[in-house]
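Notes follow once the structure below has been shown.
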Amino acid sequence: MRILAVESSCDESAVAVLDRAGGLLAHELFSQIDLHRVFGGVVPELASRDHVRRLLPLVRSAMAKADTSPAQLDGVAYTAGPGLIGALLTGAALARSLAYAWKKPAIGVHHLEGHLLAPLLEPESPPFPHVALLVSGGHTMLIEVQGIGRYELLGETRDDAAGEAFDKSAKLLGLPYPGGPELARLAATGRPGLMKLPRPMLDRPGLEFSFSGLKTAVLHASREQELTGQRKADIACAVQEAIIETLVAKALRALEHTGLDALVVSGGVGANRSLRERMAAAAAQAGARVFYPRIEFCTDNAAMIAVAGLARLEAGEHEGLAIQARARWPLASLTAVRA
Ligand SMILES: Nc1ncnc2c1ncn2[C@@H]1O[C@H](COP(=O)(O)OP(=O)(O)OP(=O)(O)O)[C@@H](O)[C@H]1O
Ligand SMILES: [Mg+2]
């Protein structure tokens, strides 16, 4: 089976071709970062308009690189939600139309299922069941992944997502958008242990997160003294420390709670190298293994949408002619796929 997949839920336009036997044949991505930077964040209407411009050329180049004709495809997958509704509609309309024109089935994919299944693209993929720490720009969740489509939420954030905490702290420090990677870069020159920022809910039992207090602490720290280059780096280092320590502690707690010994870390914050190092060390001590998507597949991409779409298509799922797009879509409403 071979599938074309389209991702357009936020500010990345992406297209991939995945083959069950041949693996990932092509993956193309255009990031809109330059478009949104002057505004300090994603402007939804500009995102939608840019997807309209970018997606079809990306489809053409992905199909060419994969040396694939429409006749060789068995279906077209697209991100159906959750995300920015206008942005979702551009990818959904294009993918649904191509599927109609090519007389192929179409399948709407849950964006978070894509993030969760991204590590399956790697040579060493995680066993089922496992615990997943999904840390992205919009979500921070611990999930027991029993199989494809069988996701039990163990805990999530009560306020900001981990990526959001990175981004908002970066903004308070005057760093350019997108803040997460910028803050991580700056943190490397900060002096560890110089200041301690709050780790909300770490001292309480359970698997819930809270990051909004951290943002307030960063605001105070940034006003207490003159914000020199070194001071900024020290604060960045403390922010990263606080977020990583919380994520590592709760992920280990989730392994203990479930009795599982495999952990997946996915979503954009999973690209953070310090988080990867610290998680690997802590998990090894606890006798568990950690699995990640490669760095470029932590943030949004179409390869992960292809993985989820292919699994669902193979299980016989597909949709009617209506376009599916949902700004909100609970992960719990997904159904199991028999592998
Ligand atoms: N190296 C890094 N360190 C910390 N955060 C990072 C790093 N790289 C990316 N991020 C953060 O990851 C987030 C983007 O991840 P992703 O693309 O998965 O999120 P999203 O698609 O916007 O949200 P969602 O998937 O929840 O809808 C941003 O908040 C970004 O700052
Ligand atoms: Mg995402």
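Chain labels A, B, ... are given in the sequence in which chains occur in the structure tokens; within each chain residues are numbered consecutively from 1, and ligands are likewise numbered from 1 in the order shown.
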
Would you list, as a PDB file with N, CA and C atoms, in the first residue's frame, the residues of range 30-226 of chain A that end up in helix (DSSP H, G or I) under DSSP run on this structure's backbone?
```
ATOM      1  N   ILE A  33       7.553  30.211   9.061  1.00  0.00           N
ATOM      2  CA  ILE A  33       8.135  31.004  10.146  1.00  0.00           C
ATOM      3  C   ILE A  33       8.427  32.453   9.721  1.00  0.00           C
ATOM      4  N   ASP A  34       9.054  32.630   8.555  1.00  0.00           N
ATOM      5  CA  ASP A  34       9.419  33.988   8.118  1.00  0.00           C
ATOM      6  C   ASP A  34       8.183  34.870   7.935  1.00  0.00           C
ATOM      7  N   LEU A  35       7.098  34.249   7.511  1.00  0.00           N
ATOM      8  CA  LEU A  35       5.856  34.982   7.263  1.00  0.00           C
ATOM      9  C   LEU A  35       5.261  35.542   8.554  1.00  0.00           C
ATOM     10  N   HIS A  36       5.355  34.756   9.635  1.00  0.00           N
ATOM     11  CA  HIS A  36       4.694  35.141  10.892  1.00  0.00           C
ATOM     12  C   HIS A  36       5.617  35.878  11.860  1.00  0.00           C
ATOM     13  N   ARG A  37       6.931  35.832  11.599  1.00  0.00           N
ATOM     14  CA  ARG A  37       7.886  36.351  12.590  1.00  0.00           C
ATOM     15  C   ARG A  37       7.607  37.799  12.990  1.00  0.00           C
ATOM     16  N   PRO A  44      -3.571  33.325  11.855  1.00  0.00           N
ATOM     17  CA  PRO A  44      -4.300  32.236  11.193  1.00  0.00           C
ATOM     18  C   PRO A  44      -4.677  32.507   9.732  1.00  0.00           C
ATOM     19  N   GLU A  45      -5.169  33.695   9.423  1.00  0.00           N
ATOM     20  CA  GLU A  45      -5.599  33.969   8.046  1.00  0.00           C
ATOM     21  C   GLU A  45      -4.413  33.944   7.073  1.00  0.00           C
ATOM     22  N   LEU A  46      -3.283  34.485   7.527  1.00  0.00           N
ATOM     23  CA  LEU A  46      -2.077  34.445   6.672  1.00  0.00           C
ATOM     24  C   LEU A  46      -1.608  33.010   6.481  1.00  0.00           C
ATOM     25  N   ALA A  47      -1.740  32.196   7.535  1.00  0.00           N
ATOM     26  CA  ALA A  47      -1.346  30.782   7.441  1.00  0.00           C
ATOM     27  C   ALA A  47      -2.180  30.086   6.363  1.00  0.00           C
ATOM     28  N   SER A  48      -3.509  30.275   6.413  1.00  0.00           N
ATOM     29  CA  SER A  48      -4.397  29.621   5.436  1.00  0.00           C
ATOM     30  C   SER A  48      -4.022  30.025   4.015  1.00  0.00           C
ATOM     31  N   ARG A  49      -3.834  31.342   3.819  1.00  0.00           N
ATOM     32  CA  ARG A  49      -3.551  31.824   2.456  1.00  0.00           C
ATOM     33  C   ARG A  49      -2.231  31.271   1.935  1.00  0.00           C
ATOM     34  N   ASP A  50      -1.268  31.122   2.830  1.00  0.00           N
ATOM     35  CA  ASP A  50       0.018  30.607   2.379  1.00  0.00           C
ATOM     36  C   ASP A  50      -0.057  29.101   2.065  1.00  0.00           C
ATOM     37  N   HIS A  51      -0.853  28.363   2.867  1.00  0.00           N
ATOM     38  CA  HIS A  51      -1.038  26.932   2.549  1.00  0.00           C
ATOM     39  C   HIS A  51      -1.596  26.781   1.130  1.00  0.00           C
ATOM     40  N   VAL A  52      -2.552  27.659   0.766  1.00  0.00           N
ATOM     41  CA  VAL A  52      -3.153  27.586  -0.568  1.00  0.00           C
ATOM     42  C   VAL A  52      -2.069  27.723  -1.641  1.00  0.00           C
ATOM     43  N   ARG A  53      -1.122  28.608  -1.385  1.00  0.00           N
ATOM     44  CA  ARG A  53      -0.029  28.807  -2.355  1.00  0.00           C
ATOM     45  C   ARG A  53       0.945  27.630  -2.388  1.00  0.00           C
ATOM     46  N   ARG A  54       1.238  27.065  -1.230  1.00  0.00           N
ATOM     47  CA  ARG A  54       2.360  26.106  -1.137  1.00  0.00           C
ATOM     48  C   ARG A  54       2.003  24.653  -1.393  1.00  0.00           C
ATOM     49  N   LEU A  55       0.773  24.247  -1.003  1.00  0.00           N
ATOM     50  CA  LEU A  55       0.509  22.806  -0.936  1.00  0.00           C
ATOM     51  C   LEU A  55       0.603  22.063  -2.270  1.00  0.00           C
ATOM     52  N   LEU A  56      -0.028  22.639  -3.315  1.00  0.00           N
ATOM     53  CA  LEU A  56      -0.032  21.902  -4.583  1.00  0.00           C
ATOM     54  C   LEU A  56       1.384  21.718  -5.151  1.00  0.00           C
ATOM     55  N   PRO A  57       2.232  22.777  -5.149  1.00  0.00           N
ATOM     56  CA  PRO A  57       3.629  22.537  -5.581  1.00  0.00           C
ATOM     57  C   PRO A  57       4.339  21.477  -4.723  1.00  0.00           C
ATOM     58  N   LEU A  58       4.035  21.422  -3.431  1.00  0.00           N
ATOM     59  CA  LEU A  58       4.664  20.403  -2.573  1.00  0.00           C
ATOM     60  C   LEU A  58       4.175  19.002  -2.958  1.00  0.00           C
ATOM     61  N   VAL A  59       2.893  18.892  -3.314  1.00  0.00           N
ATOM     62  CA  VAL A  59       2.350  17.594  -3.768  1.00  0.00           C
ATOM     63  C   VAL A  59       3.106  17.162  -5.030  1.00  0.00           C
ATOM     64  N   ARG A  60       3.257  18.116  -5.969  1.00  0.00           N
ATOM     65  CA  ARG A  60       3.954  17.779  -7.229  1.00  0.00           C
ATOM     66  C   ARG A  60       5.376  17.311  -6.950  1.00  0.00           C
ATOM     67  N   SER A  61       6.098  18.038  -6.073  1.00  0.00           N
ATOM     68  CA  SER A  61       7.501  17.651  -5.873  1.00  0.00           C
ATOM     69  C   SER A  61       7.609  16.353  -5.072  1.00  0.00           C
ATOM     70  N   ALA A  62       6.707  16.135  -4.114  1.00  0.00           N
ATOM     71  CA  ALA A  62       6.751  14.875  -3.353  1.00  0.00           C
ATOM     72  C   ALA A  62       6.469  13.683  -4.269  1.00  0.00           C
ATOM     73  N   MET A  63       5.463  13.834  -5.148  1.00  0.00           N
ATOM     74  CA  MET A  63       5.129  12.735  -6.078  1.00  0.00           C
ATOM     75  C   MET A  63       6.306  12.469  -7.025  1.00  0.00           C
ATOM     76  N   ALA A  64       6.960  13.545  -7.475  1.00  0.00           N
ATOM     77  CA  ALA A  64       8.104  13.378  -8.381  1.00  0.00           C
ATOM     78  C   ALA A  64       9.258  12.692  -7.655  1.00  0.00           C
ATOM     79  N   LYS A  65       9.573  13.167  -6.434  1.00  0.00           N
ATOM     80  CA  LYS A  65      10.693  12.566  -5.693  1.00  0.00           C
ATOM     81  C   LYS A  65      10.416  11.114  -5.338  1.00  0.00           C
ATOM     82  N   PRO A  70      -0.311   9.076  -9.729  1.00  0.00           N
ATOM     83  CA  PRO A  70      -1.553   8.922  -8.954  1.00  0.00           C
ATOM     84  C   PRO A  70      -2.087   7.485  -8.974  1.00  0.00           C
ATOM     85  N   ALA A  71      -1.902   6.806 -10.105  1.00  0.00           N
ATOM     86  CA  ALA A  71      -2.422   5.431 -10.223  1.00  0.00           C
ATOM     87  C   ALA A  71      -1.756   4.484  -9.231  1.00  0.00           C
ATOM     88  N   GLN A  72      -0.534   4.820  -8.811  1.00  0.00           N
ATOM     89  CA  GLN A  72       0.186   3.937  -7.869  1.00  0.00           C
ATOM     90  C   GLN A  72      -0.222   4.159  -6.421  1.00  0.00           C
ATOM     91  N   ILE A  85      -8.750  26.233  12.031  1.00  0.00           N
ATOM     92  CA  ILE A  85      -9.770  25.693  11.131  1.00  0.00           C
ATOM     93  C   ILE A  85      -9.546  26.096   9.673  1.00  0.00           C
ATOM     94  N   GLY A  86      -9.153  27.329   9.425  1.00  0.00           N
ATOM     95  CA  GLY A  86      -8.919  27.767   8.048  1.00  0.00           C
ATOM     96  C   GLY A  86      -7.763  27.012   7.418  1.00  0.00           C
ATOM     97  N   ALA A  87      -6.699  26.836   8.202  1.00  0.00           N
ATOM     98  CA  ALA A  87      -5.512  26.126   7.714  1.00  0.00           C
ATOM     99  C   ALA A  87      -5.866  24.662   7.418  1.00  0.00           C
ATOM    100  N   LEU A  88      -6.630  24.049   8.311  1.00  0.00           N
ATOM    101  CA  LEU A  88      -7.044  22.658   8.110  1.00  0.00           C
ATOM    102  C   LEU A  88      -7.864  22.519   6.825  1.00  0.00           C
ATOM    103  N   LEU A  89      -8.752  23.495   6.604  1.00  0.00           N
ATOM    104  CA  LEU A  89      -9.640  23.401   5.438  1.00  0.00           C
ATOM    105  C   LEU A  89      -8.869  23.427   4.118  1.00  0.00           C
ATOM    106  N   THR A  90      -7.753  24.159   4.080  1.00  0.00           N
ATOM    107  CA  THR A  90      -7.002  24.219   2.812  1.00  0.00           C
ATOM    108  C   THR A  90      -6.443  22.833   2.460  1.00  0.00           C
ATOM    109  N   GLY A  91      -5.837  22.167   3.433  1.00  0.00           N
ATOM    110  CA  GLY A  91      -5.258  20.842   3.180  1.00  0.00           C
ATOM    111  C   GLY A  91      -6.342  19.805   2.937  1.00  0.00           C
ATOM    112  N   ALA A  92      -7.424  19.908   3.723  1.00  0.00           N
ATOM    113  CA  ALA A  92      -8.521  18.946   3.595  1.00  0.00           C
ATOM    114  C   ALA A  92      -9.170  19.060   2.214  1.00  0.00           C
ATOM    115  N   ALA A  93      -9.401  20.302   1.768  1.00  0.00           N
ATOM    116  CA  ALA A  93     -10.056  20.510   0.466  1.00  0.00           C
ATOM    117  C   ALA A  93      -9.167  19.977  -0.663  1.00  0.00           C
ATOM    118  N   LEU A  94      -7.873  20.265  -0.566  1.00  0.00           N
ATOM    119  CA  LEU A  94      -6.953  19.805  -1.618  1.00  0.00           C
ATOM    120  C   LEU A  94      -6.873  18.277  -1.623  1.00  0.00           C
ATOM    121  N   ALA A  95      -6.654  17.691  -0.458  1.00  0.00           N
ATOM    122  CA  ALA A  95      -6.477  16.240  -0.390  1.00  0.00           C
ATOM    123  C   ALA A  95      -7.753  15.514  -0.812  1.00  0.00           C
ATOM    124  N   ARG A  96      -8.909  16.024  -0.346  1.00  0.00           N
ATOM    125  CA  ARG A  96     -10.184  15.368  -0.691  1.00  0.00           C
ATOM    126  C   ARG A  96     -10.445  15.453  -2.188  1.00  0.00           C
ATOM    127  N   SER A  97     -10.100  16.607  -2.783  1.00  0.00           N
ATOM    128  CA  SER A  97     -10.321  16.805  -4.223  1.00  0.00           C
ATOM    129  C   SER A  97      -9.407  15.900  -5.043  1.00  0.00           C
ATOM    130  N   LEU A  98      -8.155  15.809  -4.638  1.00  0.00           N
ATOM    131  CA  LEU A  98      -7.213  14.931  -5.361  1.00  0.00           C
ATOM    132  C   LEU A  98      -7.705  13.491  -5.297  1.00  0.00           C
ATOM    133  N   ALA A  99      -8.145  13.073  -4.114  1.00  0.00           N
ATOM    134  CA  ALA A  99      -8.630  11.698  -3.956  1.00  0.00           C
ATOM    135  C   ALA A  99      -9.836  11.452  -4.867  1.00  0.00           C
ATOM    136  N   TYR A 100     -10.713  12.444  -4.963  1.00  0.00           N
ATOM    137  CA  TYR A 100     -11.906  12.319  -5.822  1.00  0.00           C
ATOM    138  C   TYR A 100     -11.489  12.211  -7.290  1.00  0.00           C
ATOM    139  N   ALA A 101     -10.583  13.124  -7.688  1.00  0.00           N
ATOM    140  CA  ALA A 101     -10.150  13.139  -9.088  1.00  0.00           C
ATOM    141  C   ALA A 101      -9.419  11.851  -9.460  1.00  0.00           C
ATOM    142  N   HIS A 111      -4.303  14.934  14.155  1.00  0.00           N
ATOM    143  CA  HIS A 111      -2.924  15.457  14.203  1.00  0.00           C
ATOM    144  C   HIS A 111      -2.112  14.847  15.353  1.00  0.00           C
ATOM    145  N   LEU A 112      -2.744  14.676  16.503  1.00  0.00           N
ATOM    146  CA  LEU A 112      -1.997  14.138  17.652  1.00  0.00           C
ATOM    147  C   LEU A 112      -1.701  12.651  17.475  1.00  0.00           C
ATOM    148  N   GLU A 113      -2.575  11.935  16.765  1.00  0.00           N
ATOM    149  CA  GLU A 113      -2.265  10.532  16.463  1.00  0.00           C
ATOM    150  C   GLU A 113      -1.024  10.491  15.575  1.00  0.00           C
ATOM    151  N   GLY A 114      -0.914  11.480  14.682  1.00  0.00           N
ATOM    152  CA  GLY A 114       0.292  11.596  13.861  1.00  0.00           C
ATOM    153  C   GLY A 114       1.526  11.758  14.736  1.00  0.00           C
ATOM    154  N   HIS A 115       1.490  12.725  15.668  1.00  0.00           N
ATOM    155  CA  HIS A 115       2.646  12.919  16.564  1.00  0.00           C
ATOM    156  C   HIS A 115       2.957  11.630  17.333  1.00  0.00           C
ATOM    157  N   LEU A 116       1.910  10.965  17.826  1.00  0.00           N
ATOM    158  CA  LEU A 116       2.126   9.750  18.639  1.00  0.00           C
ATOM    159  C   LEU A 116       2.775   8.632  17.836  1.00  0.00           C
ATOM    160  N   LEU A 117       2.424   8.540  16.536  1.00  0.00           N
ATOM    161  CA  LEU A 117       2.919   7.417  15.729  1.00  0.00           C
ATOM    162  C   LEU A 117       4.195   7.755  14.955  1.00  0.00           C
ATOM    163  N   ALA A 118       4.657   9.005  15.045  1.00  0.00           N
ATOM    164  CA  ALA A 118       5.872   9.415  14.316  1.00  0.00           C
ATOM    165  C   ALA A 118       7.082   8.512  14.597  1.00  0.00           C
ATOM    166  N   PRO A 119       7.271   8.010  15.837  1.00  0.00           N
ATOM    167  CA  PRO A 119       8.446   7.151  16.076  1.00  0.00           C
ATOM    168  C   PRO A 119       8.402   5.833  15.294  1.00  0.00           C
ATOM    169  N   LEU A 120       7.233   5.472  14.746  1.00  0.00           N
ATOM    170  CA  LEU A 120       7.155   4.228  13.960  1.00  0.00           C
ATOM    171  C   LEU A 120       7.925   4.358  12.646  1.00  0.00           C
ATOM    172  N   LEU A 121       8.318   5.583  12.283  1.00  0.00           N
ATOM    173  CA  LEU A 121       9.103   5.777  11.060  1.00  0.00           C
ATOM    174  C   LEU A 121      10.571   5.438  11.264  1.00  0.00           C
ATOM    175  N   ALA A 162       3.732  22.651  27.338  1.00  0.00           N
ATOM    176  CA  ALA A 162       5.178  22.835  27.550  1.00  0.00           C
ATOM    177  C   ALA A 162       5.781  23.722  26.453  1.00  0.00           C
ATOM    178  N   GLY A 163       5.383  23.494  25.215  1.00  0.00           N
ATOM    179  CA  GLY A 163       5.895  24.313  24.107  1.00  0.00           C
ATOM    180  C   GLY A 163       5.480  25.766  24.266  1.00  0.00           C
ATOM    181  N   GLU A 164       4.256  25.948  24.729  1.00  0.00           N
ATOM    182  CA  GLU A 164       3.731  27.294  24.975  1.00  0.00           C
ATOM    183  C   GLU A 164       4.552  27.977  26.077  1.00  0.00           C
ATOM    184  N   ALA A 165       4.927  27.215  27.104  1.00  0.00           N
ATOM    185  CA  ALA A 165       5.741  27.768  28.197  1.00  0.00           C
ATOM    186  C   ALA A 165       7.103  28.199  27.662  1.00  0.00           C
ATOM    187  N   PHE A 166       7.691  27.394  26.779  1.00  0.00           N
ATOM    188  CA  PHE A 166       8.947  27.781  26.124  1.00  0.00           C
ATOM    189  C   PHE A 166       8.727  29.069  25.324  1.00  0.00           C
ATOM    190  N   ASP A 167       7.670  29.074  24.510  1.00  0.00           N
ATOM    191  CA  ASP A 167       7.428  30.207  23.598  1.00  0.00           C
ATOM    192  C   ASP A 167       7.120  31.499  24.354  1.00  0.00           C
ATOM    193  N   LYS A 168       6.269  31.407  25.380  1.00  0.00           N
ATOM    194  CA  LYS A 168       5.881  32.626  26.118  1.00  0.00           C
ATOM    195  C   LYS A 168       7.053  33.163  26.940  1.00  0.00           C
ATOM    196  N   SER A 169       7.849  32.261  27.525  1.00  0.00           N
ATOM    197  CA  SER A 169       9.025  32.706  28.288  1.00  0.00           C
ATOM    198  C   SER A 169       9.999  33.402  27.342  1.00  0.00           C
ATOM    199  N   ALA A 170      10.170  32.826  26.159  1.00  0.00           N
ATOM    200  CA  ALA A 170      11.085  33.412  25.170  1.00  0.00           C
ATOM    201  C   ALA A 170      10.624  34.815  24.792  1.00  0.00           C
ATOM    202  N   LYS A 171       9.327  34.963  24.646  1.00  0.00           N
ATOM    203  CA  LYS A 171       8.775  36.273  24.272  1.00  0.00           C
ATOM    204  C   LYS A 171       9.055  37.303  25.367  1.00  0.00           C
ATOM    205  N   LEU A 172       8.901  36.866  26.633  1.00  0.00           N
ATOM    206  CA  LEU A 172       9.169  37.775  27.765  1.00  0.00           C
ATOM    207  C   LEU A 172      10.639  38.185  27.794  1.00  0.00           C
ATOM    208  N   GLY A 179       9.832  30.879  19.717  1.00  0.00           N
ATOM    209  CA  GLY A 179      10.653  31.029  20.904  1.00  0.00           C
ATOM    210  C   GLY A 179      11.323  29.777  21.431  1.00  0.00           C
ATOM    211  N   GLY A 180      10.665  28.630  21.321  1.00  0.00           N
ATOM    212  CA  GLY A 180      11.189  27.388  21.930  1.00  0.00           C
ATOM    213  C   GLY A 180      12.645  27.102  21.566  1.00  0.00           C
ATOM    214  N   PRO A 181      12.927  26.923  20.267  1.00  0.00           N
ATOM    215  CA  PRO A 181      14.303  26.623  19.877  1.00  0.00           C
ATOM    216  C   PRO A 181      15.270  27.764  20.214  1.00  0.00           C
ATOM    217  N   GLU A 182      14.806  29.016  20.119  1.00  0.00           N
ATOM    218  CA  GLU A 182      15.657  30.175  20.453  1.00  0.00           C
ATOM    219  C   GLU A 182      16.035  30.139  21.926  1.00  0.00           C
ATOM    220  N   LEU A 183      15.042  29.851  22.783  1.00  0.00           N
ATOM    221  CA  LEU A 183      15.302  29.801  24.224  1.00  0.00           C
ATOM    222  C   LEU A 183      16.262  28.660  24.547  1.00  0.00           C
ATOM    223  N   ALA A 184      16.070  27.529  23.874  1.00  0.00           N
ATOM    224  CA  ALA A 184      16.956  26.372  24.109  1.00  0.00           C
ATOM    225  C   ALA A 184      18.392  26.722  23.734  1.00  0.00           C
ATOM    226  N   ARG A 185      18.557  27.452  22.620  1.00  0.00           N
ATOM    227  CA  ARG A 185      19.896  27.847  22.165  1.00  0.00           C
ATOM    228  C   ARG A 185      20.552  28.759  23.204  1.00  0.00           C
ATOM    229  N   LEU A 186      19.784  29.741  23.695  1.00  0.00           N
ATOM    230  CA  LEU A 186      20.308  30.699  24.668  1.00  0.00           C
ATOM    231  C   LEU A 186      20.633  30.010  25.997  1.00  0.00           C
ATOM    232  N   ALA A 187      19.809  29.030  26.363  1.00  0.00           N
ATOM    233  CA  ALA A 187      19.992  28.330  27.644  1.00  0.00           C
ATOM    234  C   ALA A 187      21.364  27.667  27.725  1.00  0.00           C
ATOM    235  N   SER A 212       1.601  27.668  33.876  1.00  0.00           N
ATOM    236  CA  SER A 212       1.309  29.104  33.789  1.00  0.00           C
ATOM    237  C   SER A 212       2.060  29.900  34.863  1.00  0.00           C
ATOM    238  N   GLY A 213       2.311  29.286  36.031  1.00  0.00           N
ATOM    239  CA  GLY A 213       3.040  29.982  37.101  1.00  0.00           C
ATOM    240  C   GLY A 213       4.484  30.277  36.701  1.00  0.00           C
ATOM    241  N   LEU A 214       5.018  29.433  35.857  1.00  0.00           N
ATOM    242  CA  LEU A 214       6.398  29.593  35.394  1.00  0.00           C
ATOM    243  C   LEU A 214       6.548  30.894  34.602  1.00  0.00           C
ATOM    244  N   LYS A 215       5.554  31.138  33.766  1.00  0.00           N
ATOM    245  CA  LYS A 215       5.541  32.353  32.927  1.00  0.00           C
ATOM    246  C   LYS A 215       5.590  33.609  33.803  1.00  0.00           C
ATOM    247  N   THR A 216       4.768  33.608  34.875  1.00  0.00           N
ATOM    248  CA  THR A 216       4.731  34.754  35.791  1.00  0.00           C
ATOM    249  C   THR A 216       6.092  34.925  36.472  1.00  0.00           C
ATOM    250  N   ALA A 217       6.700  33.808  36.873  1.00  0.00           N
ATOM    251  CA  ALA A 217       8.015  33.870  37.523  1.00  0.00           C
ATOM    252  C   ALA A 217       9.059  34.436  36.561  1.00  0.00           C
ATOM    253  N   VAL A 218       8.961  34.086  35.293  1.00  0.00           N
ATOM    254  CA  VAL A 218       9.902  34.612  34.291  1.00  0.00           C
ATOM    255  C   VAL A 218       9.705  36.126  34.143  1.00  0.00           C
ATOM    256  N   LEU A 219       8.455  36.545  34.157  1.00  0.00           N
ATOM    257  CA  LEU A 219       8.162  37.978  34.044  1.00  0.00           C
ATOM    258  C   LEU A 219       8.829  38.749  35.191  1.00  0.00           C
ATOM    259  N   HIS A 220       8.674  38.228  36.419  1.00  0.00           N
ATOM    260  CA  HIS A 220       9.291  38.889  37.575  1.00  0.00           C
ATOM    261  C   HIS A 220      10.816  38.882  37.461  1.00  0.00           C
ATOM    262  N   ALA A 221      11.365  37.711  37.119  1.00  0.00           N
ATOM    263  CA  ALA A 221      12.829  37.592  37.018  1.00  0.00           C
ATOM    264  C   ALA A 221      13.385  38.554  35.970  1.00  0.00           C
ATOM    265  N   SER A 222      12.612  38.760  34.887  1.00  0.00           N
ATOM    266  CA  SER A 222      13.112  39.627  33.811  1.00  0.00           C
ATOM    267  C   SER A 222      13.064  41.104  34.202  1.00  0.00           C
ATOM    268  N   ARG A 223      12.311  41.423  35.270  1.00  0.00           N
ATOM    269  CA  ARG A 223      12.201  42.828  35.699  1.00  0.00           C
ATOM    270  C   ARG A 223      13.055  43.154  36.917  1.00  0.00           C
ATOM    271  N   GLU A 224      13.468  42.093  37.636  1.00  0.00           N
ATOM    272  CA  GLU A 224      14.201  42.284  38.888  1.00  0.00           C
ATOM    273  C   GLU A 224      15.527  43.014  38.707  1.00  0.00           C
TER     274      GLU A 224
END
```

Counting only C-alpha atoms and all ligand atoms, which residues of chain A fall within 10 Å of ligand 2, and what is the closest atom pair for each with its distance in Å at one decimal, ordered by chain and rising number, as a Markdown table?
```
| residue | atom | partner | partner_atom_place_in_ligand_line | distance |
| --- | --- | --- | --- | --- |
| A:Glu7 | CA | ligand 2 | 1 (Mg) | 9.7 |
| A:Ser8 | CA | ligand 2 | 1 (Mg) | 9.9 |
| A:Ser9 | CA | ligand 2 | 1 (Mg) | 7.7 |
| A:Cys10 | CA | ligand 2 | 1 (Mg) | 7.7 |
| A:Asp11 | CA | ligand 2 | 1 (Mg) | 9.5 |
| A:Glu12 | CA | ligand 2 | 1 (Mg) | 9.3 |
| A:Pro82 | CA | ligand 2 | 1 (Mg) | 9.2 |
| A:Gly83 | CA | ligand 2 | 1 (Mg) | 8.5 |
| A:His111 | CA | ligand 2 | 1 (Mg) | 6.6 |
| A:Leu112 | CA | ligand 2 | 1 (Mg) | 6.9 |
| A:Glu113 | CA | ligand 2 | 1 (Mg) | 10.0 |
| A:Gly114 | CA | ligand 2 | 1 (Mg) | 8.4 |
| A:His115 | CA | ligand 2 | 1 (Mg) | 6.7 |
| A:Leu134 | CA | ligand 2 | 1 (Mg) | 9.6 |
| A:Val135 | CA | ligand 2 | 1 (Mg) | 9.0 |
| A:Ser136 | CA | ligand 2 | 1 (Mg) | 5.9 |
| A:Gly137 | CA | ligand 2 | 1 (Mg) | 6.6 |
| A:Gly138 | CA | ligand 2 | 1 (Mg) | 7.4 |
| A:His139 | CA | ligand 2 | 1 (Mg) | 8.5 |
| A:Ser266 | CA | ligand 2 | 1 (Mg) | 9.4 |
| A:Gly267 | CA | ligand 2 | 1 (Mg) | 6.1 |
| A:Gly268 | CA | ligand 2 | 1 (Mg) | 6.7 |
| A:Val269 | CA | ligand 2 | 1 (Mg) | 9.9 |
| A:Phe297 | CA | ligand 2 | 1 (Mg) | 9.8 |
| A:Cys298 | CA | ligand 2 | 1 (Mg) | 8.0 |
| A:Thr299 | CA | ligand 2 | 1 (Mg) | 5.8 |
| A:Asp300 | CA | ligand 2 | 1 (Mg) | 4.6 |
| A:Asn301 | CA | ligand 2 | 1 (Mg) | 8.0 |
```

Output C-alpha atoms for every residue in that selection, as a CSV table (one decimal), in the first residue's frame.
```csv
chain,number,residue,atom,x,y,z
A,7,GLU,CA,-0.4,18.4,6.7
A,8,SER,CA,-1.7,22.0,7.1
A,9,SER,CA,-3.0,22.3,10.7
A,10,CYS,CA,-0.9,25.3,11.7
A,11,ASP,CA,2.1,27.0,10.1
A,12,GLU,CA,3.8,24.2,8.2
A,82,PRO,CA,-7.3,19.6,15.8
A,83,GLY,CA,-5.8,22.9,14.6
A,111,HIS,CA,-2.9,15.5,14.2
A,112,LEU,CA,-2.0,14.1,17.7
A,113,GLU,CA,-2.3,10.5,16.5
A,114,GLY,CA,0.3,11.6,13.9
A,115,HIS,CA,2.6,12.9,16.6
A,134,LEU,CA,3.3,14.3,23.9
A,135,VAL,CA,4.8,17.7,24.3
A,136,SER,CA,4.0,20.2,21.6
A,137,GLY,CA,3.0,23.8,21.1
A,138,GLY,CA,-0.6,23.1,22.0
A,139,HIS,CA,-0.5,20.0,24.1
A,266,SER,CA,7.0,13.2,20.7
A,267,GLY,CA,5.8,16.6,19.6
A,268,GLY,CA,7.9,19.8,19.0
A,269,VAL,CA,9.4,20.0,22.5
A,297,PHE,CA,9.7,14.7,12.7
A,298,CYS,CA,9.1,16.1,16.2
A,299,THR,CA,7.6,19.2,14.9
A,300,ASP,CA,4.7,19.2,12.4
A,301,ASN,CA,5.3,17.2,9.2
```

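Shortest atom-to-atom contact with Pro126 in chain A among A:Val76, A:Val38, A:Ile148, A:Ala188: A:Ile148, counting only C-alpha atoms.
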
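Between ligand 1 and the candidates A:Ser274, A:Thr335, A:Ser210, A:Thr68, the tightest atom-to-atom separation, counting only C-alpha atoms and all ligand atoms, involves A:Ser274.
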
Would you kindly return, as number ranges by chain, each protein, DNA or RNA residue with an atom no farther than 8 Å from any atom of Asp234 in chain A, considering only C-alpha atoms and excluding same-chain residues fewer than 6 positions away? A: 187, 189-192, 194-195

Tell me which protein, DNA and RNA residues are within 10 Å of Gly108 in chain A, counting only C-alpha atoms, leaving out same-chain ones fewer than 5 positions away, and put them as a PyMOL selection string. chain A and resi 5-6+76-81+92+95-96+305+308-309+312+317-319+323-325
